[in-house]
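Single-structure report; data block below.
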Amino acid sequence: MATARKKPIQRVALVTGAAVGIGQAIAQQLARDGFRVVVSDRDVKAASKTARAIEAAGGSAMALEMDVSSHISIEKAFDEVRRVFKRCDVLVNNAGIAKTYAFVDFPLDNWNATLNVNVTGVLLCSQHAARLMLKHRWGRIISIASVAGMRAVGSGRTAYGTSKAAVIGLMRQIAAELTVDGITANAIAPGPVDTPLTQVLHSPAFRKAYTAAIPAGRYGLTTEIAAMASFLASEQAAYISGVAIPVDGGFYAAGARGV
């Protein structure tokens, strides 16, 4: 008598700030990779639009409201993930904020807000996700940092650059503690990417200067960041943990150019 074959488990990936930009591209790619994707964002209407588009393309997605600046919102969102899926196999910490001010005038309220979203939000989401991952001894925690967390990029990024450096350090700490349990933790450090955020933050003069410093000679695409997230979420990346990987057209490596 033939034994019934077990249906393969479809893993669940949660992406924060996934309604638009890099987060949206990552959510779409992970859905193509076969994950059930939780499209989380504080703008649940926009998240729902992205989730519907994923499903229309043949993927599996659910929109979920989450404001990573609020520990209550984070807890509520993960309670829903636990209720619906009973698991979270991949977490992509993508949600973030940025504003620029001169260092000597940098306002404390923006410093606190930036670190709360970009660092504390990553910490709390990673803790909630890791608790679910530990049950299956398999998981991928991926955080979107920035080359601004690896080297200073222009002026005005006191809080943003510092927060992204902290995210890189946090991924190393998580890796040191959880890789033994089959949970990897890594950071992706994008260079400049064409997103709604950079379109607001980057003036034409800054964009020209930044592009000139990039050996590839252009800004990156959201799909190029998503491709790295896809790899780090895969089985093939099981031996990669605790690193920050620049995806920046060679900007971090180049230093002074044209000399």
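Convention: chains lettered A, B, ... in structure tokens order; per-chain residue numbering from 1; ligands numbered from 1 as shown.
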Exercise for the section: Please provide as a list of chain:residue names all residues within 10 Å of A:Trp138, with the sequence filter that same-chain residues fewer than 4 positions apart are discarded (counting only C-alpha atoms). Expected result: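 Close residues of A:Trp138: A:Cys88, A:Asp89, A:Val90, A:Ala130, A:Leu132, A:Met133, A:Leu134, A:Leu178, A:Thr179, A:Val180, A:Asp181, A:Gly182, A:Ile183, A:Thr184, A:Glu235, A:Ala238.
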Kindly save the residues from that selection, with C-alpha atoms included, as a CSV table (one decimal), in the first residue's frame.
chain,number,residue,atom,x,y,z
A,88,CYS,CA,7.1,33.2,10.3
A,89,ASP,CA,10.0,31.9,8.4
A,90,VAL,CA,11.5,35.1,6.8
A,130,ALA,CA,12.6,34.8,16.0
A,132,LEU,CA,8.2,31.9,15.8
A,133,MET,CA,11.3,30.7,13.9
A,134,LEU,CA,12.8,28.9,16.9
A,178,LEU,CA,20.6,32.4,16.8
A,179,THR,CA,22.6,30.9,13.9
A,180,VAL,CA,23.1,27.8,16.0
A,181,ASP,CA,19.3,27.4,15.9
A,182,GLY,CA,19.2,27.6,12.1
A,183,ILE,CA,18.3,31.3,12.0
A,184,THR,CA,20.5,33.6,10.0
A,235,GLU,CA,18.2,27.5,1.4
A,238,ALA,CA,22.3,29.0,5.0
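Of note, atom CA of A:Glu75 and atom CA of A:Gly21 are spaced 24.3 Å apart.
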Practice task
From the DSSP assignment of the backbone, select every residue of stretch 34-88 of chain A that is strand (DSSP E or B), and format the answer as a list in words.
Solution key: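 The strand (DSSP E or B) subset of stretch 34-88 of chain A is Arg36, Val37, Val38, Val39, Ser40, Asp41, Ser60, Ala61, Met62, Ala63, Leu64 and Glu65 of chain A.
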For the residues in the current selection, export all heavy atoms as a CSV table (one decimal), in the first residue's frame.
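This went into result_19.csv:
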chain,number,residue,atom,x,y,z
A,36,ARG,N,4.5,32.5,1.1
A,36,ARG,CA,3.2,33.3,1.4
A,36,ARG,C,3.7,34.6,2.0
A,36,ARG,O,4.4,34.5,3.1
A,36,ARG,CB,2.4,32.5,2.4
A,36,ARG,CG,1.7,31.2,1.8
A,36,ARG,CD,0.8,30.5,2.7
A,36,ARG,NE,1.6,29.9,3.8
A,36,ARG,CZ,1.0,29.3,4.9
A,36,ARG,NH1,-0.3,29.2,4.9
A,36,ARG,NH2,1.7,28.7,5.8
A,37,VAL,N,3.4,35.7,1.4
A,37,VAL,CA,4.0,36.9,1.8
A,37,VAL,C,3.0,37.8,2.6
A,37,VAL,O,1.8,38.0,2.2
A,37,VAL,CB,4.4,37.7,0.6
A,37,VAL,CG1,5.0,39.1,1.0
A,37,VAL,CG2,5.5,36.9,-0.2
A,38,VAL,N,3.4,38.3,3.8
A,38,VAL,CA,2.7,39.2,4.5
A,38,VAL,C,3.2,40.6,4.2
A,38,VAL,O,4.3,41.0,4.5
A,38,VAL,CB,2.8,39.0,6.0
A,38,VAL,CG1,2.0,40.0,6.8
A,38,VAL,CG2,2.3,37.6,6.4
A,39,VAL,N,2.3,41.4,3.5
A,39,VAL,CA,2.7,42.8,3.1
A,39,VAL,C,2.3,43.7,4.2
A,39,VAL,O,1.1,44.1,4.3
A,39,VAL,CB,2.0,43.1,1.8
A,39,VAL,CG1,2.4,44.5,1.3
A,39,VAL,CG2,2.3,42.1,0.7
A,40,SER,N,3.2,44.1,5.0
A,40,SER,CA,2.9,44.9,6.2
A,40,SER,C,3.3,46.4,5.9
A,40,SER,O,4.4,46.6,5.3
A,40,SER,CB,3.5,44.4,7.5
A,40,SER,OG,4.9,44.7,7.5
A,41,ASP,N,2.5,47.3,6.4
A,41,ASP,CA,2.8,48.7,6.2
A,41,ASP,C,1.8,49.5,7.1
A,41,ASP,O,0.7,49.0,7.4
A,41,ASP,CB,2.6,49.1,4.8
A,41,ASP,CG,3.4,50.4,4.4
A,41,ASP,OD1,2.9,51.5,4.8
A,41,ASP,OD2,4.4,50.3,3.8
A,60,SER,N,0.8,34.4,-3.4
A,60,SER,CA,0.0,34.3,-2.2
A,60,SER,C,0.4,35.5,-1.3
A,60,SER,O,1.6,35.6,-0.9
A,60,SER,CB,0.2,33.0,-1.4
A,60,SER,OG,-0.5,33.0,-0.2
A,61,ALA,N,-0.5,36.3,-0.9
A,61,ALA,CA,-0.2,37.5,-0.1
A,61,ALA,C,-1.4,37.9,0.8
A,61,ALA,O,-2.5,37.7,0.4
A,61,ALA,CB,0.2,38.7,-1.0
A,62,MET,N,-1.0,38.5,1.9
A,62,MET,CA,-2.0,39.1,2.8
A,62,MET,C,-1.5,40.5,3.3
A,62,MET,O,-0.3,40.6,3.6
A,62,MET,CB,-2.2,38.2,4.0
A,62,MET,CG,-3.1,38.7,5.1
A,62,MET,SD,-3.2,37.7,6.6
A,62,MET,CE,-1.8,38.4,7.5
A,63,ALA,N,-2.3,41.5,3.3
A,63,ALA,CA,-2.0,42.8,3.8
A,63,ALA,C,-2.2,42.8,5.3
A,63,ALA,O,-3.1,42.2,5.8
A,63,ALA,CB,-2.8,43.9,3.1
A,64,LEU,N,-1.3,43.6,5.9
A,64,LEU,CA,-1.3,43.7,7.4
A,64,LEU,C,-0.9,45.1,7.8
A,64,LEU,O,0.2,45.5,7.4
A,64,LEU,CB,-0.4,42.6,8.0
A,64,LEU,CG,-0.4,42.5,9.5
A,64,LEU,CD1,-1.8,42.0,10.1
A,64,LEU,CD2,0.6,41.5,10.0
A,65,GLU,N,-1.7,45.7,8.6
A,65,GLU,CA,-1.3,47.0,9.2
A,65,GLU,C,-0.3,46.9,10.3
A,65,GLU,O,-0.5,46.1,11.2
A,65,GLU,CB,-2.6,47.7,9.7
A,65,GLU,CG,-2.3,49.2,10.2
A,65,GLU,CD,-3.5,49.9,10.6
A,65,GLU,OE1,-4.6,49.3,10.6
A,65,GLU,OE2,-3.4,51.1,10.9
Practice task
Between A:Ala213, A:Val44, A:Leu221, A:Val12, single out the one closest to A:Ala31, counting only C-alpha atoms.
Solution key: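 Among the listed residues, the smallest separation from A:Ala31 belongs to A:Val12.
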Problem - Nearest to A:His136 by atom-to-atom distance, counting only C-alpha atoms, from A:Val117, A:Leu14, A:Ile9, A:Met171 - result: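 So, comparing all the options, the nearest one is A:Ile9.
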DSSP on the backbone: which residues in stretch 110-211 of chain A end up as alpha helix (DSSP H)? Give the answer as a tab-separated table (two decimals) with N, CA and C atoms, in the first residue's frame.
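result05.tsv was written with the following content:
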chain	number	residue	atom	x	y	z
A	110	ASN	N	13.75	64.47	15.95
A	110	ASN	CA	13.95	63.64	14.77
A	110	ASN	C	14.95	62.52	15.04
A	111	TRP	N	15.98	62.83	15.81
A	111	TRP	CA	16.93	61.78	16.21
A	111	TRP	C	16.19	60.63	16.90
A	112	ASN	N	15.35	60.96	17.88
A	112	ASN	CA	14.61	59.93	18.61
A	112	ASN	C	13.65	59.17	17.71
A	113	ALA	N	12.95	59.90	16.83
A	113	ALA	CA	11.99	59.25	15.94
A	113	ALA	C	12.70	58.31	14.97
A	114	THR	N	13.84	58.74	14.43
A	114	THR	CA	14.57	57.91	13.47
A	114	THR	C	15.10	56.64	14.12
A	115	LEU	N	15.69	56.75	15.29
A	115	LEU	CA	16.20	55.55	15.96
A	115	LEU	C	15.07	54.64	16.42
A	121	GLY	N	12.37	49.49	16.09
A	121	GLY	CA	11.39	48.73	15.31
A	121	GLY	C	11.97	47.44	14.77
A	122	VAL	N	13.22	47.51	14.30
A	122	VAL	CA	13.91	46.31	13.79
A	122	VAL	C	14.13	45.31	14.92
A	123	LEU	N	14.55	45.81	16.07
A	123	LEU	CA	14.76	44.94	17.23
A	123	LEU	C	13.48	44.19	17.59
A	124	LEU	N	12.38	44.92	17.74
A	124	LEU	CA	11.13	44.30	18.19
A	124	LEU	C	10.57	43.32	17.17
A	125	CYS	N	10.59	43.71	15.90
A	125	CYS	CA	10.11	42.80	14.85
A	125	CYS	C	10.95	41.53	14.81
A	126	SER	N	12.26	41.70	14.95
A	126	SER	CA	13.16	40.54	14.91
A	126	SER	C	12.92	39.62	16.10
A	127	GLN	N	12.65	40.18	17.27
A	127	GLN	CA	12.35	39.36	18.43
A	127	GLN	C	11.08	38.54	18.23
A	128	HIS	N	10.03	39.20	17.76
A	128	HIS	CA	8.76	38.49	17.54
A	128	HIS	C	8.92	37.40	16.49
A	129	ALA	N	9.60	37.73	15.39
A	129	ALA	CA	9.78	36.75	14.33
A	129	ALA	C	10.64	35.58	14.81
A	130	ALA	N	11.71	35.87	15.54
A	130	ALA	CA	12.62	34.83	15.99
A	130	ALA	C	11.91	33.83	16.91
A	131	ARG	N	11.00	34.30	17.72
A	131	ARG	CA	10.26	33.38	18.60
A	131	ARG	C	9.47	32.35	17.79
A	132	LEU	N	8.94	32.78	16.65
A	132	LEU	CA	8.22	31.86	15.78
A	132	LEU	C	9.19	30.96	15.01
A	133	MET	N	10.33	31.51	14.62
A	133	MET	CA	11.32	30.73	13.88
A	133	MET	C	11.93	29.63	14.73
A	134	LEU	N	12.13	29.91	16.00
A	134	LEU	CA	12.76	28.94	16.89
A	134	LEU	C	11.96	27.64	16.99
A	158	THR	N	22.89	62.50	10.10
A	158	THR	CA	23.35	62.12	11.44
A	158	THR	C	22.53	60.97	12.00
A	159	ALA	N	21.22	61.10	12.00
A	159	ALA	CA	20.37	60.05	12.58
A	159	ALA	C	20.26	58.86	11.65
A	160	TYR	N	20.08	59.11	10.36
A	160	TYR	CA	19.88	58.01	9.41
A	160	TYR	C	21.11	57.11	9.34
A	161	GLY	N	22.29	57.70	9.13
A	161	GLY	CA	23.50	56.91	9.04
A	161	GLY	C	23.79	56.15	10.32
A	162	THR	N	23.59	56.81	11.45
A	162	THR	CA	23.82	56.16	12.73
A	162	THR	C	22.86	55.00	12.94
A	163	SER	N	21.61	55.21	12.57
A	163	SER	CA	20.61	54.15	12.74
A	163	SER	C	20.93	52.94	11.88
A	164	LYS	N	21.42	53.16	10.67
A	164	LYS	CA	21.73	52.04	9.79
A	164	LYS	C	22.99	51.31	10.24
A	165	ALA	N	23.94	52.03	10.81
A	165	ALA	CA	25.11	51.37	11.42
A	165	ALA	C	24.67	50.49	12.57
A	166	ALA	N	23.71	50.98	13.36
A	166	ALA	CA	23.19	50.19	14.48
A	166	ALA	C	22.48	48.94	13.99
A	167	VAL	N	21.75	49.04	12.89
A	167	VAL	CA	21.07	47.88	12.33
A	167	VAL	C	22.08	46.80	11.93
A	168	ILE	N	23.18	47.22	11.33
A	168	ILE	CA	24.23	46.26	10.95
A	168	ILE	C	24.78	45.56	12.20
A	169	GLY	N	25.03	46.33	13.26
A	169	GLY	CA	25.51	45.75	14.50
A	169	GLY	C	24.48	44.81	15.12
A	170	LEU	N	23.22	45.16	15.03
A	170	LEU	CA	22.16	44.32	15.57
A	170	LEU	C	22.09	42.98	14.85
A	171	MET	N	22.23	43.00	13.53
A	171	MET	CA	22.21	41.74	12.77
A	171	MET	C	23.37	40.84	13.18
A	172	ARG	N	24.53	41.43	13.45
A	172	ARG	CA	25.66	40.62	13.91
A	172	ARG	C	25.35	39.96	15.25
A	173	GLN	N	24.73	40.71	16.15
A	173	GLN	CA	24.41	40.16	17.46
A	173	GLN	C	23.39	39.03	17.35
A	174	ILE	N	22.37	39.25	16.54
A	174	ILE	CA	21.36	38.19	16.35
A	174	ILE	C	22.02	36.95	15.76
A	175	ALA	N	22.89	37.15	14.77
A	175	ALA	CA	23.57	36.02	14.15
A	175	ALA	C	24.40	35.25	15.17
A	176	ALA	N	25.08	35.97	16.04
A	176	ALA	CA	25.93	35.33	17.04
A	176	ALA	C	25.12	34.45	17.99
A	177	GLU	N	23.88	34.83	18.21
A	177	GLU	CA	23.06	34.09	19.17
A	177	GLU	C	22.16	33.03	18.54
A	178	LEU	N	21.70	33.26	17.31
A	178	LEU	CA	20.64	32.40	16.76
A	178	LEU	C	21.05	31.53	15.59
A	196	PRO	N	10.39	56.42	-3.93
A	196	PRO	CA	9.72	57.68	-3.55
A	196	PRO	C	10.50	58.46	-2.49
A	197	LEU	N	11.21	57.76	-1.57
A	197	LEU	CA	11.96	58.44	-0.52
A	197	LEU	C	13.14	59.21	-1.10
A	198	THR	N	13.94	58.58	-1.95
A	198	THR	CA	15.11	59.27	-2.50
A	198	THR	C	14.69	60.40	-3.45
A	199	GLN	N	13.55	60.24	-4.08
A	199	GLN	CA	13.08	61.31	-4.96
A	199	GLN	C	12.78	62.58	-4.19
A	200	VAL	N	12.41	62.42	-2.91
A	200	VAL	CA	12.15	63.58	-2.05
A	200	VAL	C	13.44	64.09	-1.43
A	201	LEU	N	14.29	63.18	-0.95
A	201	LEU	CA	15.49	63.57	-0.19
A	201	LEU	C	16.63	64.06	-1.07
A	204	PRO	N	18.61	67.54	-7.17
A	204	PRO	CA	19.31	67.28	-8.43
A	204	PRO	C	20.82	67.38	-8.31
A	205	ALA	N	21.31	68.35	-7.52
A	205	ALA	CA	22.76	68.50	-7.36
A	205	ALA	C	23.36	67.32	-6.60
A	206	PHE	N	22.66	66.87	-5.54
A	206	PHE	CA	23.15	65.74	-4.77
A	206	PHE	C	23.11	64.47	-5.62
A	207	ARG	N	22.06	64.32	-6.39
A	207	ARG	CA	21.93	63.13	-7.24
A	207	ARG	C	23.06	63.07	-8.26
A	208	LYS	N	23.40	64.20	-8.83
A	208	LYS	CA	24.49	64.25	-9.82
A	208	LYS	C	25.82	63.87	-9.17
A	209	ALA	N	26.08	64.43	-7.98
A	209	ALA	CA	27.34	64.15	-7.29
A	209	ALA	C	27.41	62.69	-6.85
A	210	TYR	N	26.31	62.16	-6.37
A	210	TYR	CA	26.26	60.77	-5.91
A	210	TYR	C	26.51	59.81	-7.08
A	211	THR	N	25.82	60.07	-8.18
A	211	THR	CA	25.97	59.22	-9.36
A	211	THR	C	27.42	59.21	-9.85
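Ranking A:Ile22, A:Arg83, A:Ser70, A:Arg32 by their shortest atom-to-atom distance to A:Gly58, with only C-alpha atoms included, puts A:Arg32 first.
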Handout entry: Straight-line distance linking atom CA of A:Tyr252 with atom CA of A:Val147, stated in Å to one decimal
Key =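 Spanning atom CA of A:Tyr252 to atom CA of A:Val147 is a straight-line distance of 6.7 Å.
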Exercise for the section: Determine, counting only C-alpha atoms, which protein, DNA and RNA residues have an atom within 10 Å of an atom of A:Ile214; residues of the same chain fewer than 3 positions away are not included. Present the result as a PyMOL selection string. Expected result: chain A and resi 191-192+209-211+217-219+248-255+257
Emit the selected residues as a PDB file, in the first residue's frame, including C-alpha atoms.
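Below is the file that was written, selection18.pdb:
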ATOM      1  CA  GLY A 191      23.483  52.485  -2.276  1.00  0.00           C
ATOM      2  CA  PRO A 192      21.124  55.069  -3.744  1.00  0.00           C
ATOM      3  CA  ALA A 209      27.340  64.150  -7.287  1.00  0.00           C
ATOM      4  CA  TYR A 210      26.260  60.770  -5.905  1.00  0.00           C
ATOM      5  CA  THR A 211      25.975  59.217  -9.361  1.00  0.00           C
ATOM      6  CA  GLY A 217      27.273  55.289 -13.013  1.00  0.00           C
ATOM      7  CA  ARG A 218      23.646  55.090 -11.945  1.00  0.00           C
ATOM      8  CA  TYR A 219      21.203  54.676  -9.087  1.00  0.00           C
ATOM      9  CA  ASP A 248      25.582  49.804  -4.466  1.00  0.00           C
ATOM     10  CA  GLY A 249      27.200  49.632  -7.883  1.00  0.00           C
ATOM     11  CA  GLY A 250      30.665  49.702  -6.312  1.00  0.00           C
ATOM     12  CA  PHE A 251      30.203  52.926  -4.321  1.00  0.00           C
ATOM     13  CA  TYR A 252      31.432  51.557  -0.973  1.00  0.00           C
ATOM     14  CA  ALA A 253      34.518  50.021  -2.562  1.00  0.00           C
ATOM     15  CA  ALA A 254      35.514  52.900  -4.794  1.00  0.00           C
ATOM     16  CA  GLY A 255      36.702  55.685  -2.479  1.00  0.00           C
ATOM     17  CA  ARG A 257      37.572  58.428  -8.110  1.00  0.00           C
TER      18      ARG A 257
END
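Among the candidates A:Arg52, A:Lys99, A:Arg42, A:Arg157, the one nearest to A:Ala77 when counting only C-alpha atoms is A:Arg42.
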Practice task
Quote the spacing between atom CA of A:Leu30 and atom CA of A:Ala233 in Å to one decimal place.
Solution key: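 Interatomic distance, atom CA of A:Leu30 to atom CA of A:Ala233: 8.3 Å.
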Practice task
Choose the residue, out of A:Pro215, A:Gly34, A:Gly139, A:Pro107, that has the smallest atom-to-atom separation from A:Asn186; count only C-alpha atoms.
Solution key: A:Gly139
